[in-house]
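*Asks:* Below you will find the structure I want to go over with you.
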Protein chains: 2
Amino acid sequence: MLRRTLRKIGSEGRNDCPRSRSLVAAALRANRWMTNSEAPSNGSNGAGPRRAPLSIDTINKRVINSEYAVRGEIVQLAQKIARDLEEGKASYPFDKVVWCNIGNPQILGQKPITYFRQVLALCECPQLLSHPHIREVFPEDVIARAELLVKAIPGGLGAYSDSAGALIIRQLVAKSIAKRDGYPADAENIYMTDGASPAVHYMMDLLLREPNDSMMVPIPQYPLYSATLTLYGGRLVPYLLDEGAGWGLDVAHLRQQIAAARASGLCVRAMVVINPGNPTGQCLSYQNMRDILGFCREEQLVLIADEVYQANIYVGNKEFFSFKKVACDMGLLKDVPLVSLHSISKGFVGECGRRGGYMEVTGFPSEVKDQILKLASINLCPNLSGQICCALMMNPPQVGEASYEQYRAEKSAILGSLKRRAELLVSALNRLEGVTCNAAEGALYAFPKVTLPETAVQAAKELGKQPDWLYCKELLEATGIVVVPGSGFGQADGTFHFRTTFLPSEEDIGRVVQALGDFHSEFIQKYGGLQKKQPALATAANGDNEY
Amino acid sequence: MLRRTLRKIGSEGRNDCPRSRSLVAAALRANRWMTNSEAPSNGSNGAGPRRAPLSIDTINKRVINSEYAVRGEIVQLAQKIARDLEEGKASYPFDKVVWCNIGNPQILGQKPITYFRQVLALCECPQLLSHPHIREVFPEDVIARAELLVKAIPGGLGAYSDSAGALIIRQLVAKSIAKRDGYPADAENIYMTDGASPAVHYMMDLLLREPNDSMMVPIPQYPLYSATLTLYGGRLVPYLLDEGAGWGLDVAHLRQQIAAARASGLCVRAMVVINPGNPTGQCLSYQNMRDILGFCREEQLVLIADEVYQANIYVGNKEFFSFKKVACDMGLLKDVPLVSLHSISKGFVGECGRRGGYMEVTGFPSEVKDQILKLASINLCPNLSGQICCALMMNPPQVGEASYEQYRAEKSAILGSLKRRAELLVSALNRLEGVTCNAAEGALYAFPKVTLPETAVQAAKELGKQPDWLYCKELLEATGIVVVPGSGFGQADGTFHFRTTFLPSEEDIGRVVQALGDFHSEFIQKYGGLQKKQPALATAANGDNEY
């Protein structure tokens, strides 16, 4: 129809004007972008509104419907309070905001690993490499590593790299994966990314074709998954982690959930597993991972393995295995399309602001990998500083190198401190009335279950909010501590949680735990104390459709 | 239906098991993500395929249909050749690949601006600030600027910033915009981005609701726009730049095109203007910009102003004005929703690999701006190194500061050299048989029109390719020069172009121009020479549906 209309324009009025003719001819030609798309050439032509001035009512509803609690309403309130405090505008019963809403270690004072920053500084400013005093300032191995990278990255830090990342970076990452797993890794399967999030976007783009396409996502989950599924117009098929069994993952339950989803007409395309868990902190057992891989093969699912917390395990009896390694052990590498995500933002590295990460893609047909590369190329390339930091994280100083001792000491100090803080926080939480909290085996979070007074549940309902939202809001207003309501991650019906990091420094964490405990007692008391029977709460929550 | 199915699971088998009950209850609850989405609850349930193993046939067609020529097939071939050359695997009639496909100055030897890199190195490694020799290595103003940034950015380079960017960065950017335009700019309207591309993604996400939503895009255009429109399921409404009038933009033609689009049922939501033009290099006049703003107000369009080449103007009689300034002059700032994009990748800065940029959003309702912030928050934050570089680009050293003289000299050397190279290339192109090329008033590209022999057009057709693709492929194979076929940008019907940067260094550009000229003559000769009559080509091209 547009084609006809444009022809019509060409045939009337300025018909004899060569310029007009050429414009219209080219419009037809350029028009392939319109006709090439999947747009239905159906009866909707002319039916929709032709004009839509910009307003909240005329923007994409999928954007409005997507929710990202980790930076949601509570966090916005906290930002306002922080600004008030800085500008002396209002008074609060605390003098600073403590950001426990997000795994952002360096904002709470965690020092960056010196080696990473030294190499990066030299890559930023390669002329320093030839400065006469350079060896007084930087260790030998830092200089050597920077020289290697500056030479091997075409154009250095200031040039677009290959869209999948600079070849040397991908080779370094692949080498370290091979070392970690004991199986080969290929630079051609590595795509560097700005943090882990773009990898999730690529998979959504690739796999979600129409509104019945869906992915299995754990509940509780990291809300990046629910937010992007909503944004891309896909559906979330939940599977539940069992809090009573240390957030265990039950494959029989996976089977029930996928059968139910299919029975309702959904096409399930992928399964997301977060290991170690976020917000739940559990570390999967080897056998459980085998079962999950078997399930994905059987059901022909892409397995999206969010393994960004792989370097943070705090309990002696648990060990991180990558899904890639387990798939190799099982001889399934070609049978289960697998995407493994990693990031420099998490763990002891904590380089969040740099936005670096990678995904390793195995078991994908090569034509599909070409399409991932095209998606990456539309964004040109991931930032080089993040790429370099990722290669360094995966290839730290080795025994005998000049920086090794300092690197080892910094790393183990951070990990040791995180372990102490995790234990302190979790045991303190478990001492509070009506609170239980599984051990944080890995990652950076505790996700306590909080029994709330019936009156608080009702009060929240009257505000049109979740009970755990009310709890977190009052916690913020009383103490300055920012945590995220469990409802932002999903939780078993009638239960309430919050997610907190254990990232406040060792000097601060004692005070944070104390303030949290004091607030908790006051909150319970303010709302009339806890009843004995939990089920009453469940009913109340069931009736609450605002979740 | 899923809700019912899940209830059914709850009522059979493990009905008495509290764990099972709780799982199912939570599944229902978690299910809001499914039911909350815009998925039609129509007859499609159960109709689609329930399983879709991963293959090129089962991935999202919008991904497959999107095209990004700047890194397309020719570039992939060039990458293969570059690898062959490096590994000595195959012989070619040249010894290196010359990347003229993309504005990536530092890969072709352009040196970074020293001041930017020095400040960045200190921000990477703030402990250097207290090193006893620091003042022997870095100028005073570099140290002061790094100290300011390290102090003012919470957590430094390694922490997530606010999702819109660190406040100090947005304030610095706003201050410099105000200085540029002579009108106030507000940090609350600035969103820092990883290069300019994410800003385009945000607008697509926000404005494209369903397949008849569309945006007006210039032809020729930078293929980011066509690629993302295809990806997001929107439609492209072309408007044509008039090559015969120096790539002029005719508002009467805009009116024709929007009327035709609406008549065919499209809802036109936005207009993209690239100024200075890419790939076309023209710089819009002030009056033309007034007319465009009037058109957008009248038609209730969001104006997306891609102004990433604002610092690169090479002709004395043209001046860059921002659309923001012109809108302010006209008193239209509140009436036309305007998004102005800028980037550190382009111009004399050329810091492509760092991925930095910003968008300034004016005339948007605050609820819509909240939604942009949510989209940004799902990606956590733009990388800090790009943010810092962007603030530095917008606030370079001032007269009297220690780095000023070096900065000024480096900047004018690069711009002067680009101007010389642009003139050399354009005049050489105009001397070739059947080639005409408008002056490059701005940006980094020449976009010559090339008349091709009828035999070449036929040969391309037989390959199922565009004639200009054939020309570019043979150019690559003969000379190692990588340029992009005009068909990747869109062009008037029956005309053929290619886009080349003028970024090879001054030592190299003479050889590039010579090689291009030699190839051109040989190509024309190989395919039997040029006919006199151009219309015959147009007919042939019209018949080619493969465009």
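Chain identifiers are assigned as A, B, and so on, following the order in which chains appear in the structure tokens; residues are numbered from 1 within each chain, and ligands are numbered from 1 in order of appearance.
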Write out as a list in words each polymer residue whose atoms come within 6 Å of region 136-150 of chain A, counting only C-alpha atoms; drop sequence neighbours fewer than 4 positions from it.
*Replies:*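 So, after excluding close chain neighbours, the residues are Val119, Cys123, Gly156 and Ala402 of chain A.
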*Asks:* Write out as a count of residues only which residues come within 7 Å of Gln491 (chain A) when counting only C-alpha atoms, dropping same-chain ones fewer than 3 positions away.
*Replies:* 6
*Asks:* Would you mind reading off the distance between CA of Gly464 (chain A) and CA of Pro485 (chain A), one decimal, in Å?
*Replies:*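 A separation of 14.6 Å between them.
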*Asks:* Please identify all polymer residues within 12 Å of Gly434 (chain B), counting only C-alpha atoms, omitting same-chain residues fewer than 3 positions from it, and present them as a PyMOL selection string.
*Replies:* chain B and resi 429-431+437+448-453+495-497+517+520-521+523-524+529-534
*Asks:* Can you check which residues of region 241-382 of chain B DSSP gives as strand (DSSP E) on the backbone and send them as a PyMOL selection string?
*Replies:* chain B and resi 267-274+302-306+338-343+357-362
*Asks:* Only C-alpha atoms, please: the residues just picked out, written as a CSV table (one decimal), in the first residue's frame.
*Replies:*
```csv
chain,number,residue,atom,x,y,z
B,267,CYS,CA,2.1,5.8,12.9
B,268,VAL,CA,5.2,8.0,12.6
B,269,ARG,CA,6.7,8.6,16.0
B,270,ALA,CA,10.1,10.2,15.4
B,271,MET,CA,12.4,11.8,12.8
B,272,VAL,CA,16.1,11.1,12.8
B,273,VAL,CA,18.4,13.9,11.5
B,274,ILE,CA,22.1,13.3,11.2
B,302,VAL,CA,10.2,13.3,18.5
B,303,LEU,CA,13.3,14.7,16.9
B,304,ILE,CA,16.4,12.4,17.3
B,305,ALA,CA,19.3,14.6,16.4
B,306,ASP,CA,22.5,12.6,15.8
B,338,LEU,CA,14.3,16.5,21.3
B,339,VAL,CA,17.1,14.0,21.9
B,340,SER,CA,20.6,15.2,21.0
B,341,LEU,CA,23.3,12.5,20.7
B,342,HIS,CA,27.0,13.0,21.1
B,343,SER,CA,29.9,10.7,21.4
B,357,GLY,CA,28.7,9.5,24.9
B,358,TYR,CA,25.6,11.2,26.1
B,359,MET,CA,22.1,12.2,25.1
B,360,GLU,CA,20.4,15.4,26.2
B,361,VAL,CA,16.7,14.9,26.4
B,362,THR,CA,14.4,18.0,26.3
```
*Asks:* May I have the residues within 9 Å of region 86-100 of chain A as an MDAnalysis selection string, using only C-alpha atoms and disregarding those fewer than 3 positions away in the same chain?
*Replies:* chainID A and resid 75 78:79 81:83 103:104 107:108 445 476:484 499:504 512
*Asks:* What would the file look like if the residues just selected were written as an mmCIF file, in the first residue's frame with C-alpha atoms?
*Replies:*
```
data_model
loop_
_atom_site.group_PDB
_atom_site.id
_atom_site.type_symbol
_atom_site.label_atom_id
_atom_site.label_comp_id
_atom_site.auth_asym_id
_atom_site.auth_seq_id
_atom_site.Cartn_x
_atom_site.Cartn_y
_atom_site.Cartn_z
ATOM 1 C CA VAL A 75 16.619 3.021 45.816
ATOM 2 C CA ALA A 78 17.465 6.452 49.151
ATOM 3 C CA GLN A 79 19.043 8.627 46.458
ATOM 4 C CA ILE A 81 17.759 11.026 51.148
ATOM 5 C CA ALA A 82 21.447 10.892 50.246
ATOM 6 C CA ARG A 83 21.103 14.164 48.359
ATOM 7 C CA GLY A 103 26.752 -5.624 44.705
ATOM 8 C CA ASN A 104 28.854 -2.485 44.262
ATOM 9 C CA ILE A 107 31.287 2.341 46.628
ATOM 10 C CA LEU A 108 31.505 0.930 50.151
ATOM 11 C CA TYR A 445 24.104 -11.528 49.341
ATOM 12 C CA LEU A 476 15.701 2.876 55.132
ATOM 13 C CA GLU A 477 13.933 5.744 56.866
ATOM 14 C CA ALA A 478 15.006 4.565 60.318
ATOM 15 C CA THR A 479 18.611 3.537 59.630
ATOM 16 C CA GLY A 480 19.761 4.686 56.175
ATOM 17 C CA ILE A 481 20.322 1.045 55.201
ATOM 18 C CA VAL A 482 19.162 0.304 51.636
ATOM 19 C CA VAL A 483 18.041 -3.275 50.939
ATOM 20 C CA VAL A 484 15.739 -4.673 48.242
ATOM 21 C CA ARG A 499 18.116 -9.016 49.857
ATOM 22 C CA THR A 500 21.100 -7.354 51.447
ATOM 23 C CA THR A 501 24.707 -7.423 50.421
ATOM 24 C CA PHE A 502 27.316 -8.009 53.088
ATOM 25 C CA LEU A 503 29.539 -5.367 51.537
ATOM 26 C CA PRO A 504 29.742 -2.674 54.229
ATOM 27 C CA VAL A 512 24.807 -2.110 60.265
#
```
*Asks:* Rank nothing, just name the residue among A:Arg255, A:Arg235, A:Arg180, A:Lys175 nearest to chain B, using only C-alpha atoms.
*Replies:*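 So, comparing all the options, the nearest one is A:Arg235.
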*Asks:* Give me, as a PyMOL selection string, all polymer residues having an atom no more than 9 Å from Gln257 (chain B), counting only C-alpha atoms and skipping those fewer than 2 positions away in the same chain.
*Replies:* (chain A and resi 6+27) or (chain B and resi 216+237-239+252-255+259-262)
*Asks:* How many Å lie between CA of Asp57 (chain A) and CA of Tyr232 (chain A), rounded to one decimal?
*Replies:*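 CA of Asp57 (chain A) sits 18.9 Å away from CA of Tyr232 (chain A).
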*Asks:* What is the distance, in Å and to one decimal place, between CA of Pro126 (chain A) and CA of Cys389 (chain B)?
*Replies:*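 The value is 16.4 Å.
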*Asks:* When DSSP is applied to the backbone of this structure, which of region 401-521 of chain A are assigned helix (DSSP H, G or I)? Write them out as a count of residues only.
*Replies:* 70
*Asks:* Can you pull out every residue within 10 Å of Glu351 (chain B), counting only C-alpha atoms, but drop anything in the same chain fewer than 6 positions away, and send it as a list in words?
*Replies:*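 The contact residues come out as Gly156, Leu157, Gly158, Ala159 and Tyr160 of chain A; Asn104, Pro105, Gln106, Lys111, Pro112, Ile113, Phe116, Arg117, Gly195, Ser343, Ile344, Ser345, Gly386, Cys389, Cys390 and Met393 of chain B.
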